[in-house]
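Have a look at data-v8.txt below; it lists compact mmCIF, C-alpha atoms.
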# COMPACT_ATOMS: atom_id res chain seq x y z
CA MET K 1 0.00 0.00 0.00
CA GLN K 2 1.37 3.31 -1.00
CA GLU K 3 1.69 6.09 1.52
CA LEU K 4 0.46 9.48 0.42
CA VAL K 5 2.54 12.31 1.85
CA LEU K 6 1.43 15.91 1.48
CA ASN K 7 4.24 18.42 1.48
CA PRO K 8 3.47 22.01 2.46
CA PRO K 9 4.79 24.72 0.11
CA GLY K 10 8.39 25.77 0.62
CA THR K 11 9.54 22.30 1.60
CA THR K 12 12.52 20.45 0.24
CA LEU K 13 10.61 18.97 -2.68
CA GLU K 14 9.49 22.31 -4.01
CA ARG K 15 12.92 23.80 -3.56
CA ASP K 16 14.45 20.86 -5.39
CA ALA K 17 11.96 21.27 -8.24
CA THR K 18 12.75 24.99 -8.48
CA ARG K 19 16.45 24.28 -8.46
CA GLN K 20 16.06 21.67 -11.17
CA ASP K 21 13.96 24.09 -13.19
CA GLU K 22 16.59 26.80 -12.87
CA THR K 23 19.36 24.39 -13.75
CA SER K 24 17.57 23.29 -16.90
CA ILE K 25 16.92 26.93 -17.87
CA ARG K 26 20.56 27.81 -17.33
CA GLU K 27 21.71 24.83 -19.39
CA ASP K 28 19.30 25.76 -22.16
CA PHE K 29 20.52 29.35 -22.10
CA GLU K 30 24.19 28.43 -22.07
CA ALA K 31 23.64 26.17 -25.09
CA ARG K 32 22.42 29.22 -27.02
CA LEU K 33 25.13 31.47 -25.61
CA ALA K 34 27.86 30.17 -27.91
CA GLU K 35 25.87 31.18 -30.99
CA CYS K 36 24.09 34.27 -29.75
CA GLY K 37 26.97 35.87 -27.85
CA PRO K 38 29.01 36.67 -31.00
CA LEU K 39 25.86 37.79 -32.81
CA ALA K 40 24.99 40.24 -30.01
CA PHE K 41 28.57 41.53 -30.02
CA ARG K 42 28.56 42.08 -33.80
CA VAL K 43 25.25 43.88 -33.76
CA ALA K 44 26.45 46.12 -30.95
CA ASN K 45 29.75 46.74 -32.69
CA GLY K 46 27.92 47.62 -35.91
CA VAL K 47 26.22 50.43 -34.05
CA LEU K 48 29.04 51.53 -31.77
CA HIS K 49 32.17 50.80 -33.90
CA HIS K 50 33.99 50.28 -30.63
CA PRO K 51 34.81 46.68 -29.63
CA ALA K 52 35.16 47.33 -25.89
CA ASP K 53 31.82 49.14 -25.68
CA ALA K 54 30.25 46.49 -27.90
CA GLU K 55 31.44 43.76 -25.55
CA ASP K 56 29.89 45.55 -22.58
CA VAL K 57 26.61 45.96 -24.43
CA ALA K 58 26.59 42.34 -25.57
CA GLN K 59 27.14 41.14 -22.00
CA ASP K 60 24.36 43.38 -20.76
CA ALA K 61 22.02 42.16 -23.49
CA LEU K 62 22.74 38.51 -22.71
CA LEU K 63 22.18 38.97 -19.00
CA ARG K 64 18.92 40.77 -19.62
CA ALA K 65 17.86 37.99 -21.93
CA TYR K 66 18.67 35.43 -19.24
CA ARG K 67 16.63 37.28 -16.63
CA ARG K 68 13.61 37.15 -18.94
CA PHE K 69 14.39 33.80 -20.47
CA ARG K 70 11.56 31.92 -18.78
CA GLU K 71 9.06 34.45 -20.11
CA LEU K 72 10.03 33.65 -23.69
CA ARG K 73 7.14 31.65 -25.14
CA ASP K 74 8.77 30.60 -28.42
CA PRO K 75 12.39 29.47 -27.98
CA ALA K 76 12.87 29.63 -31.77
CA ARG K 77 12.62 33.38 -31.58
CA PHE K 78 15.44 33.71 -29.07
CA LYS K 79 17.96 34.83 -31.70
CA SER K 80 15.80 37.65 -33.05
CA TRP K 81 15.01 38.62 -29.48
CA ILE K 82 18.67 38.91 -28.53
CA VAL K 83 19.39 40.88 -31.73
CA ARG K 84 16.73 43.41 -30.84
CA ILE K 85 17.90 43.72 -27.23
CA ALA K 86 21.52 44.20 -28.30
CA PHE K 87 20.55 46.72 -30.99
CA ARG K 88 18.43 48.77 -28.58
CA LEU K 89 21.08 48.78 -25.88
CA ALA K 90 23.77 49.70 -28.40
CA LEU K 91 21.64 52.57 -29.70
CA ASP K 92 21.15 53.84 -26.16
CA ARG K 93 24.89 53.74 -25.53
CA TRP K 94 25.62 55.36 -28.91
CA ARG K 95 23.18 58.20 -28.18
CA SER K 96 24.66 58.88 -24.77
CA ARG K 97 28.14 58.84 -26.31
CA LYS K 98 27.05 61.33 -28.97
CA ARG K 99 25.62 63.63 -26.31
CA ARG K 100 28.83 63.42 -24.32
CA GLU K 101 30.93 64.11 -27.42
CA ALA K 102 28.71 67.05 -28.30
CA ARG K 103 29.15 68.50 -24.81
CA GLU K 104 32.91 68.02 -24.96
CA ALA K 105 33.04 69.53 -28.45
CA VAL K 106 31.19 72.61 -27.24
CA TRP K 107 33.64 73.11 -24.41
CA SER K 108 36.83 72.25 -26.27
CA GLN K 109 36.16 73.69 -29.76
CA PRO K 110 33.47 76.33 -29.58
CA LEU K 111 34.46 77.95 -32.86
CA ASN K 112 35.07 74.84 -34.93
CA GLY K 113 31.85 73.33 -36.23
CA ALA K 114 33.42 70.48 -38.22
CA THR K 115 33.63 67.09 -36.52
CA THR K 116 37.06 65.61 -36.14
CA PRO K 117 37.75 61.89 -36.24
CA SER K 118 37.77 60.16 -32.85
CA VAL K 119 40.85 58.59 -31.30
CA HIS K 120 39.66 55.18 -32.35
CA GLU K 121 39.30 56.29 -35.98
CA LEU K 122 42.72 57.94 -35.99
CA ALA K 123 44.32 54.83 -34.53
CA GLU K 124 42.65 52.74 -37.17
CA GLY K 125 44.10 55.00 -39.85
CA ASN K 126 41.39 54.10 -42.33
CA GLU K 127 39.66 57.20 -43.53
CA PHE K 128 37.16 55.36 -45.64
CA GLN K 129 36.03 53.20 -42.74
CA ALA K 130 35.73 56.26 -40.55
CA ARG K 131 33.57 57.97 -43.18
CA LEU K 132 31.50 54.84 -43.55
CA ALA K 133 31.00 54.64 -39.79
CA ARG K 134 29.77 58.23 -39.75
CA ALA K 135 27.48 57.54 -42.70
CA LEU K 136 26.09 54.48 -40.89
CA ASP K 137 25.37 56.58 -37.83
CA GLU K 138 23.24 58.87 -39.93
CA LEU K 139 21.11 56.05 -41.32
CA PRO K 140 17.60 55.52 -39.94
CA GLU K 141 17.43 52.73 -37.35
CA LYS K 142 15.48 50.31 -39.53
CA LEU K 143 17.90 50.62 -42.42
CA ARG K 144 20.89 50.47 -40.14
CA LEU K 145 19.88 47.18 -38.56
CA VAL K 146 19.32 45.58 -41.96
CA VAL K 147 22.74 46.75 -43.21
CA ILE K 148 24.46 45.49 -40.07
CA LEU K 149 22.84 42.05 -40.16
CA SER K 150 23.29 41.52 -43.88
CA ALA K 151 26.97 42.45 -43.61
CA ILE K 152 27.59 39.84 -40.94
CA GLN K 153 29.14 36.78 -42.56
CA GLY K 154 26.88 33.84 -42.99
CA TYR K 155 23.60 35.73 -42.93
CA THR K 156 21.58 35.66 -46.12
CA LEU K 157 18.67 37.94 -46.86
CA GLU K 158 16.24 35.17 -45.90
CA GLU K 159 17.94 34.70 -42.55
CA VAL K 160 17.89 38.43 -41.93
CA SER K 161 14.18 38.48 -42.72
CA LYS K 162 13.65 35.65 -40.23
CA LEU K 163 15.71 37.42 -37.57
CA LEU K 164 13.81 40.66 -37.97
CA GLU K 165 10.48 38.90 -38.59
CA ILE K 166 9.79 40.91 -41.73
CA PRO K 167 9.31 39.77 -45.35
CA THR K 168 12.36 39.20 -47.55
CA GLY K 169 11.12 41.86 -49.97
CA THR K 170 11.16 44.41 -47.17
CA VAL K 171 14.71 43.42 -46.29
CA LYS K 172 15.74 43.84 -49.94
CA SER K 173 14.15 47.25 -50.30
CA ARG K 174 15.60 48.46 -46.99
CA LEU K 175 19.02 47.23 -48.01
CA PHE K 176 18.70 48.95 -51.39
CA PHE K 177 17.80 52.31 -49.83
CA ALA K 178 20.51 51.95 -47.21
CA ARG K 179 23.23 51.23 -49.78
CA LYS K 180 22.05 54.09 -51.94
CA GLN K 181 22.18 56.53 -49.02
CA LEU K 182 25.60 55.25 -47.95
CA ALA K 183 27.00 55.58 -51.46
CA GLU K 184 25.65 59.13 -51.70
CA LYS K 185 27.41 60.07 -48.48
CA LEU K 186 30.66 58.38 -49.43
CA ARG K 187 30.81 59.64 -53.01
CA MET T 1 18.64 56.87 -73.40
CA ASN T 2 20.53 59.95 -72.29
CA CYS T 3 23.48 59.97 -69.91
CA SER T 4 21.67 61.13 -66.76
CA ALA T 5 18.99 58.45 -67.10
CA ALA T 6 21.64 55.78 -67.79
CA ARG T 7 23.66 56.84 -64.71
CA GLU T 8 20.57 56.81 -62.53
CA ARG T 9 19.66 53.31 -63.70
CA ALA T 10 23.26 52.18 -63.21
CA LYS T 11 23.29 53.48 -59.62
CA GLU T 12 20.05 51.69 -58.83
CA SER T 13 21.16 48.42 -60.36
CA ILE T 14 24.43 48.46 -58.41
CA ALA T 15 22.70 49.41 -55.16
CA SER T 16 20.22 46.58 -55.57
CA ALA T 17 23.06 44.19 -56.47
CA SER T 18 21.30 43.20 -59.66
CA GLY T 19 22.85 43.01 -63.11
CA LEU T 20 23.20 46.06 -65.35
CA PRO T 21 20.17 46.42 -67.65
CA SER T 22 20.82 45.85 -71.35
CA GLU T 23 19.83 49.44 -72.26
CA VAL T 24 22.39 50.88 -69.86
CA ARG T 25 25.00 48.42 -71.05
CA GLY T 26 24.31 49.48 -74.63
CA HIS T 27 24.62 53.15 -73.64
CA CYS T 28 27.87 52.54 -71.84
CA SER T 29 29.34 50.78 -74.88
CA TYR T 30 29.38 54.01 -76.85
CA CYS T 31 29.62 56.55 -73.97
CA PRO T 32 33.06 56.35 -72.27
CA GLU T 33 32.04 58.87 -69.53
CA CYS T 34 29.07 56.77 -68.46
CA GLN T 35 31.23 53.65 -68.61
CA GLU T 36 33.72 55.35 -66.29
CA PHE T 37 30.90 56.47 -63.99
CA TYR T 38 29.61 52.92 -63.86
CA GLU T 39 33.04 51.52 -63.01
CA ASN T 40 33.55 54.15 -60.29
CA GLU T 41 30.17 53.35 -58.84
CA GLN T 42 30.98 49.64 -58.84
CA ASN T 43 34.28 50.32 -57.10
CA LEU T 44 32.55 52.48 -54.51
CA HIS T 45 30.03 49.80 -53.70
CA SER T 46 32.59 47.04 -53.53
CA ALA T 47 34.67 49.21 -51.17
CA LEU T 48 31.56 49.84 -49.19
CA ASP T 49 30.82 46.14 -48.90
CA ARG T 50 34.39 45.37 -47.91
CA ALA T 51 34.41 48.09 -45.25
CA LEU T 52 31.06 46.97 -43.92
CA GLU T 53 32.22 43.40 -43.69
CA GLY T 54 35.39 44.60 -41.97
CA ILE T 55 33.37 46.51 -39.38
CA MET T 56 30.71 43.87 -38.83
CA ASN T 57 32.88 40.80 -38.74
CA GLN T 58 35.41 41.88 -36.18
CA VAL T 59 36.88 39.14 -34.06
CA VAL T 60 34.64 38.49 -31.08
CA PRO T 61 36.57 38.93 -27.83
CA THR T 62 37.25 35.57 -26.25
CA SER T 63 36.35 37.00 -22.87
CA LEU T 64 32.73 37.64 -23.84
CA VAL T 65 31.17 34.23 -23.18
CA PRO T 66 33.25 33.47 -20.03
CA HIS T 67 32.30 36.87 -18.62
CA VAL T 68 28.63 36.19 -19.27
CA ARG T 69 28.94 32.77 -17.66
CA ALA T 70 30.63 34.30 -14.63
CA SER T 71 27.87 36.88 -14.36
CA LEU T 72 25.29 34.11 -14.52
CA GLU T 73 27.04 32.30 -11.71
CA ALA T 74 27.12 35.47 -9.67
CA LEU T 75 23.36 35.91 -10.01
CA PRO T 76 21.48 34.76 -6.90
CA ALA T 77 20.03 31.34 -7.56
CA ARG T 78 16.51 31.97 -6.35
CA GLN T 79 16.30 35.58 -7.41
CA LEU T 80 13.92 34.90 -10.27
CA VAL T 81 11.58 33.00 -7.97
CA TRP T 82 11.35 35.29 -5.01
CA ILE T 83 11.22 38.67 -6.77
CA PRO T 84 7.58 38.32 -7.95
CA ARG T 85 6.60 36.91 -4.55
CA PHE T 86 8.34 39.76 -2.80
CA ILE T 87 6.53 42.31 -4.97
CA PHE T 88 3.19 40.66 -4.20
CA THR T 89 3.91 40.54 -0.47
CA ALA T 90 5.06 44.15 -0.41
CA THR T 91 1.91 45.27 -2.20
CA ALA T 92 -0.29 43.30 0.19
CA LEU T 93 1.50 44.72 3.23
CA ALA T 94 1.22 48.24 1.89
CA SER T 95 -2.52 47.91 1.30
CA LEU T 96 -2.97 46.38 4.77
CA PHE T 97 -1.08 49.28 6.32
CA VAL T 98 -3.27 51.78 4.47
CA CYS T 99 -6.44 50.01 5.68
CA VAL T 100 -5.24 49.87 9.29
CA SER T 101 -4.25 53.52 9.31
CA TYR T 102 -7.62 54.44 7.83
CA LEU T 103 -9.46 52.48 10.51
CA ASN T 104 -7.37 54.07 13.23
CA ARG T 105 -8.42 57.48 12.03
CA LYS T 106 -12.12 56.58 12.02
CA PRO T 107 -12.82 56.91 15.80
CA ASP T 108 -12.05 60.63 15.55
CA ALA T 109 -15.33 61.05 13.76
CA GLN T 110 -17.28 59.75 16.76
CA PRO T 111 -18.48 62.25 19.40
CA ARG T 112 -15.75 63.16 21.78
CA ALA T 113 -16.20 62.65 25.47
CA VAL T 114 -17.11 65.94 27.10
CA HIS T 115 -16.43 66.23 30.79
CA PHE T 116 -18.79 68.31 32.70
CA GLU T 117 -18.27 69.30 36.25
CA ALA T 118 -20.33 67.38 38.70
CA LEU T 119 -23.55 69.14 39.40
CA PRO T 120 -23.50 70.41 42.96
CA GLU T 121 -26.29 69.27 45.16
CA ARG T 122 -28.99 71.88 45.09
CA ASP T 123 -30.62 70.69 48.23
CA SER T 124 -28.39 70.67 51.18
CA GLY T 125 -31.05 69.05 53.29
CA PRO T 126 -31.10 65.52 54.63
CA THR T 127 -29.53 62.69 52.66
CA SER T 128 -31.65 60.80 50.16
CA SER T 129 -31.80 57.75 52.33
CA ALA T 130 -33.40 59.80 55.10
CA LEU T 131 -36.17 61.13 52.81
CA PRO T 132 -39.53 59.43 52.42
CA PRO T 133 -39.92 57.30 49.26
CA ALA T 134 -42.18 59.77 47.40
CA LYS T 135 -39.83 62.69 47.92
CA ARG T 136 -36.85 60.52 47.09
CA LEU T 137 -38.50 59.58 43.80
CA ALA T 138 -39.24 63.19 42.95
CA ALA T 139 -35.69 64.21 43.76
CA SER T 140 -34.22 61.49 41.60
CA LYS T 141 -36.54 62.48 38.74
CA ARG T 142 -35.43 66.06 39.05
CA ARG T 143 -31.78 65.03 39.01
CA THR T 144 -32.32 62.85 35.96
CA GLN T 145 -33.98 65.74 34.15
CA GLU T 146 -31.11 68.05 35.04
CA ARG T 147 -28.61 65.52 33.75
CA ARG T 148 -30.55 65.15 30.54
CA ILE T 149 -30.38 68.85 29.97
CA LEU T 150 -26.68 68.91 30.76
CA ARG T 151 -25.99 66.14 28.23
CA PRO T 152 -23.29 67.25 25.74
CA PRO T 153 -24.56 68.18 22.30
CA SER T 154 -23.69 65.97 19.38
CA ASP T 155 -21.06 67.10 16.86
CA ALA T 156 -23.70 67.54 14.22
CA LEU T 157 -25.04 70.62 15.98
CA PRO T 158 -23.10 73.85 16.08
CA GLU T 159 -21.17 74.27 19.27
CA VAL T 160 -22.45 76.94 21.65
CA ILE T 161 -20.35 77.79 24.60
CA ILE T 162 -22.49 78.02 27.73
CA SER T 163 -20.93 78.62 31.07
CA ALA T 164 -21.41 76.04 33.78
CA GLU T 165 -23.39 78.47 35.96
CA GLU T 166 -25.82 79.21 33.17
CA GLN T 167 -26.27 75.53 32.47
CA GLN T 168 -26.99 74.79 36.10
CA ALA T 169 -29.40 77.69 36.39
CA PHE T 170 -31.27 76.57 33.30
CA ALA T 171 -31.41 73.02 34.59
CA ARG T 172 -32.81 74.21 37.88
CA PHE T 173 -35.38 76.30 36.09
CA VAL T 174 -36.54 73.41 33.94
CA ALA T 175 -36.65 71.08 36.93
CA ARG T 176 -38.95 73.49 38.74
CA ILE T 177 -41.41 73.78 35.88
CA PRO T 178 -43.64 70.93 37.08
CA GLU T 179 -43.92 72.62 40.46
CA GLU T 180 -44.84 76.00 39.04
CA ARG T 181 -47.53 75.12 36.57
CA GLU T 182 -48.68 78.69 35.90
CA VAL T 183 -45.27 79.63 34.66
CA ALA T 184 -45.11 76.53 32.51
CA VAL T 185 -48.52 77.19 31.00
CA ALA T 186 -47.57 80.79 30.31
CA LEU T 187 -44.41 79.59 28.65
CA VAL T 188 -46.00 77.00 26.42
CA SER T 189 -49.39 78.68 25.67
CA PRO T 190 -49.49 80.43 22.32
CA ALA T 191 -49.74 84.16 22.09
CA PRO T 192 -53.25 85.60 21.47
CA ALA T 193 -54.15 85.68 17.83
CA GLU T 194 -55.48 89.24 17.94
CA SER T 195 -52.48 90.74 19.53
CA ASP T 196 -52.45 93.58 17.02
CA ALA T 197 -56.08 94.60 17.60
CA PRO T 198 -56.59 98.14 19.01
CA ILE T 199 -57.02 98.27 22.69
CA GLU T 200 -60.45 99.32 23.84
CA ILE T 201 -60.57 101.49 26.85
CA ALA T 202 -63.71 100.87 28.83
CA LEU T 203 -65.46 103.82 30.32
CA LEU T 204 -65.11 104.25 33.99
CA ASP T 205 -68.36 103.32 35.58
CA LEU T 206 -68.93 105.30 38.72
CA GLY T 207 -71.95 104.47 40.83
CA SER T 208 -72.16 107.58 42.96
CA VAL T 209 -69.90 110.44 43.56
CA GLU T 210 -69.90 112.21 46.84
CA VAL T 211 -68.39 115.63 46.86
CA LYS T 212 -67.15 116.88 50.14
CA PRO T 213 -65.94 120.37 50.65
CA LEU T 214 -62.50 120.76 51.94
CA LYS T 215 -62.38 121.69 55.54
CA SER T 216 -59.53 123.43 57.01
CA GLU T 217 -58.66 122.10 60.38
CA THR T 218 -57.19 125.28 61.57
CA SER T 219 -59.38 128.37 61.26
CA GLU T 220 -57.77 131.66 61.25
Here is a file; write its structure as structure tokens.
Amino acid sequence: MQELVLNPPGTTLERDATRQDETSIREDFEARLAECGPLAFRVANGVLHHPADAEDVAQDALLRAYRRFRELRDPARFKSWIVRIAFRLALDRWRSRKRREAREAVWSQPLNGATTPSVHELAEGNEFQARLARALDELPEKLRLVVILSAIQGYTLEEVSKLLEIPTGTVKSRLFFARKQLAEKLR
Amino acid sequence: MNCSAARERAKESIASASGLPSEVRGHCSYCPECQEFYENEQNLHSALDRALEGIMNQVVPTSLVPHVRASLEALPARQLVWIPRFIFTATALASLFVCVSYLNRKPDAQPRAVHFEALPERDSGPTSSALPPAKRLAASKRRTQERRILRPPSDALPEVIISAEEQQAFARFVARIPEEREVAVALVSPAPAESDAPIEIALLDLGSVEVKPLKSETSE
């Protein structure tokens, strides 16, 4: 005859179940980390053009994603979710950096309106890349994200459309307008 | 096709990464300037693609994933579980506190206790136990009536400040009303309806008048 034992909430059994649940969530998340970590970094770097800042943003995005991981209904959408989080966080950081640079420019060069290349750009010594980075910054957010994702190696237009959850035709047209605007600025 | 239209079409075809249309190709075959423009545009776009790839495909720092893993380890294990519970408990406690504080404020609305001075004994005669039962009953009735009059007014009525002496005098007056019925009747009886009627003065009715001459007591 089996003995039925009722356990009040908060007992060892519930704690064990919670711990097992958390362990499985962490394992699931860490399995995706190897693929999504570099993607988050590249998206952030595409916005910031600064690897150290991009690494910070990618870490922040991944931790935020982990905190909300159990709320994610469709695990297949995790990649597009992490891309959006990383892009938003990178934009926030980029905006605050621009504001800081603008403040510093006002104090240091009040009479000179032209923007000078940053230390990072000078160290890189590639004028074209610096101009391209500035042209990218001026792109609208929607176009910028499409350009960034389609430039990442291994991502076709179809994959970009899946990541952004938009039709392939929309990706193509956004990419066309983005390239046209970039070429106009670089010409 | 003129040069400007051909250049515009060439720009669009390169930007969309599609092949050059046959009309533009035909134009470029006999227009060296447009051919040069097309080649420059192609070079620009290929440089653009290369630069974009260079920016976007930078080497991912090897410290990224280990740092994230370390941060995950540093996170409290049960944080995700207890945070929603804590929020719920905090909300419940806050609402309970609000309710309790509201209930504690409620008794202020009830009438406050007003302390009146003890009414001094009007009769300084024998003690009540020494009185006969009928008189004792009357005295107790009178005292009850006085107390009823001295009862504090409720908060709903406007507060009128009456001195203790006036209150006692009024209570004594009211207590005496049953004894002095004429006064009570005069107090409660309505005023005559024809109070404004002209007063009639009745003629003085004299039965007989006797006139006596004045006599001086002392004759000169």
Please build the interface table for chain T against chain K with a cut-off of 7 Å, listing for each qualifying residue the nearest atom pair and the distance in Å to one decimal; count all atoms listed in the file, order rows by chain and increasing number, and write it as CSV.
residue,atom,partner,partner_atom,distance
T:Ala15,CA,K:Phe176,CA,5.5
T:Ser16,CA,K:Phe176,CA,5.0
T:His45,CA,K:Ala183,CA,6.9
T:Ala51,CA,K:Gln129,CA,5.9
T:Leu52,CA,K:Ala151,CA,6.1
T:Glu53,CA,K:Ala151,CA,5.3
T:Ile55,CA,K:Gly46,CA,6.6
T:Met56,CA,K:Gly46,CA,5.5
T:Asn57,CA,K:Ile152,CA,5.8
T:Val60,CA,K:Pro38,CA,5.9
T:Leu64,CA,K:Glu55,CA,6.5
T:Val65,CA,K:Gly37,CA,6.5
T:Val68,CA,K:Gln59,CA,5.8
Worksheet item: What is the distance, in Å and to one decimal place, between atom CA of Pro167 of chain K and atom CA of Asp74 of chain K?
Response: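 Computing the Euclidean distance for atom CA of Pro167 of chain K and atom CA of Asp74 of chain K yields 19.3 Å.
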Discussion item. My list of candidates is K:Ala102, K:Ala135, K:Val83, K:Val146. Which is closest to Ile166 of chain K when distances are computed with all atoms listed in the file?
Written reply: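 Answer, going by the shortest atom-to-atom distance: K:Val146.
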Worksheet entry | For atom CA of Lys162 of chain K and atom CA of Glu71 of chain K, the interatomic separation in Å (one decimal) |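 Interatomic distance, atom CA of Lys162 of chain K to atom CA of Glu71 of chain K: 20.7 Å.
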Discussion item. Could you tell me how far atom CA of Arg172 of chain T sits from atom CA of Val160 of chain T, in Å to one decimal place?
Written reply: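 Atom CA of Val160 of chain T sits 19.4 Å away from atom CA of Arg172 of chain T.
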Fill in: Nearby residues (all atoms listed in the file) at most 10 Å from Cys28 of chain T, same-chain spacing under 6 positions excluded, as a PyMOL selection string
chain T and resi 3+6-7+10+22+34-38
Output segment 151-163 of chain K as a PDB file, keeping the file's coordinate frame, making sure N, CA and C atoms are there.
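Writing the result to result.pdb gives the following:
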ATOM      1  N   ALA K 151      25.514  42.414 -43.426  1.00  0.00           N
ATOM      2  CA  ALA K 151      26.970  42.450 -43.610  1.00  0.00           C
ATOM      3  C   ALA K 151      27.674  41.395 -42.757  1.00  0.00           C
ATOM      4  N   ILE K 152      26.968  40.872 -41.777  1.00  0.00           N
ATOM      5  CA  ILE K 152      27.590  39.840 -40.940  1.00  0.00           C
ATOM      6  C   ILE K 152      27.713  38.559 -41.763  1.00  0.00           C
ATOM      7  N   GLN K 153      28.878  37.965 -41.730  1.00  0.00           N
ATOM      8  CA  GLN K 153      29.140  36.780 -42.560  1.00  0.00           C
ATOM      9  C   GLN K 153      28.203  35.629 -42.177  1.00  0.00           C
ATOM     10  N   GLY K 154      27.704  35.018 -43.214  1.00  0.00           N
ATOM     11  CA  GLY K 154      26.880  33.840 -42.990  1.00  0.00           C
ATOM     12  C   GLY K 154      25.395  34.124 -42.917  1.00  0.00           C
ATOM     13  N   TYR K 155      25.019  35.400 -43.000  1.00  0.00           N
ATOM     14  CA  TYR K 155      23.600  35.730 -42.930  1.00  0.00           C
ATOM     15  C   TYR K 155      23.076  36.141 -44.302  1.00  0.00           C
ATOM     16  N   THR K 156      22.200  35.323 -44.834  1.00  0.00           N
ATOM     17  CA  THR K 156      21.580  35.660 -46.120  1.00  0.00           C
ATOM     18  C   THR K 156      20.392  36.582 -45.879  1.00  0.00           C
ATOM     19  N   LEU K 157      19.823  37.052 -46.990  1.00  0.00           N
ATOM     20  CA  LEU K 157      18.670  37.940 -46.860  1.00  0.00           C
ATOM     21  C   LEU K 157      17.489  37.225 -46.189  1.00  0.00           C
ATOM     22  N   GLU K 158      17.338  35.943 -46.501  1.00  0.00           N
ATOM     23  CA  GLU K 158      16.240  35.170 -45.900  1.00  0.00           C
ATOM     24  C   GLU K 158      16.429  35.057 -44.376  1.00  0.00           C
ATOM     25  N   GLU K 159      17.675  34.816 -43.993  1.00  0.00           N
ATOM     26  CA  GLU K 159      17.940  34.700 -42.550  1.00  0.00           C
ATOM     27  C   GLU K 159      17.731  36.033 -41.832  1.00  0.00           C
ATOM     28  N   VAL K 160      18.120  37.101 -42.518  1.00  0.00           N
ATOM     29  CA  VAL K 160      17.890  38.430 -41.930  1.00  0.00           C
ATOM     30  C   VAL K 160      16.395  38.685 -41.775  1.00  0.00           C
ATOM     31  N   SER K 161      15.640  38.278 -42.800  1.00  0.00           N
ATOM     32  CA  SER K 161      14.180  38.480 -42.720  1.00  0.00           C
ATOM     33  C   SER K 161      13.583  37.652 -41.585  1.00  0.00           C
ATOM     34  N   LYS K 162      14.140  36.466 -41.352  1.00  0.00           N
ATOM     35  CA  LYS K 162      13.650  35.650 -40.230  1.00  0.00           C
ATOM     36  C   LYS K 162      14.026  36.281 -38.892  1.00  0.00           C
ATOM     37  N   LEU K 163      15.248  36.794 -38.826  1.00  0.00           N
ATOM     38  CA  LEU K 163      15.710  37.420 -37.570  1.00  0.00           C
ATOM     39  C   LEU K 163      14.865  38.635 -37.208  1.00  0.00           C
TER      40      LEU K 163
END
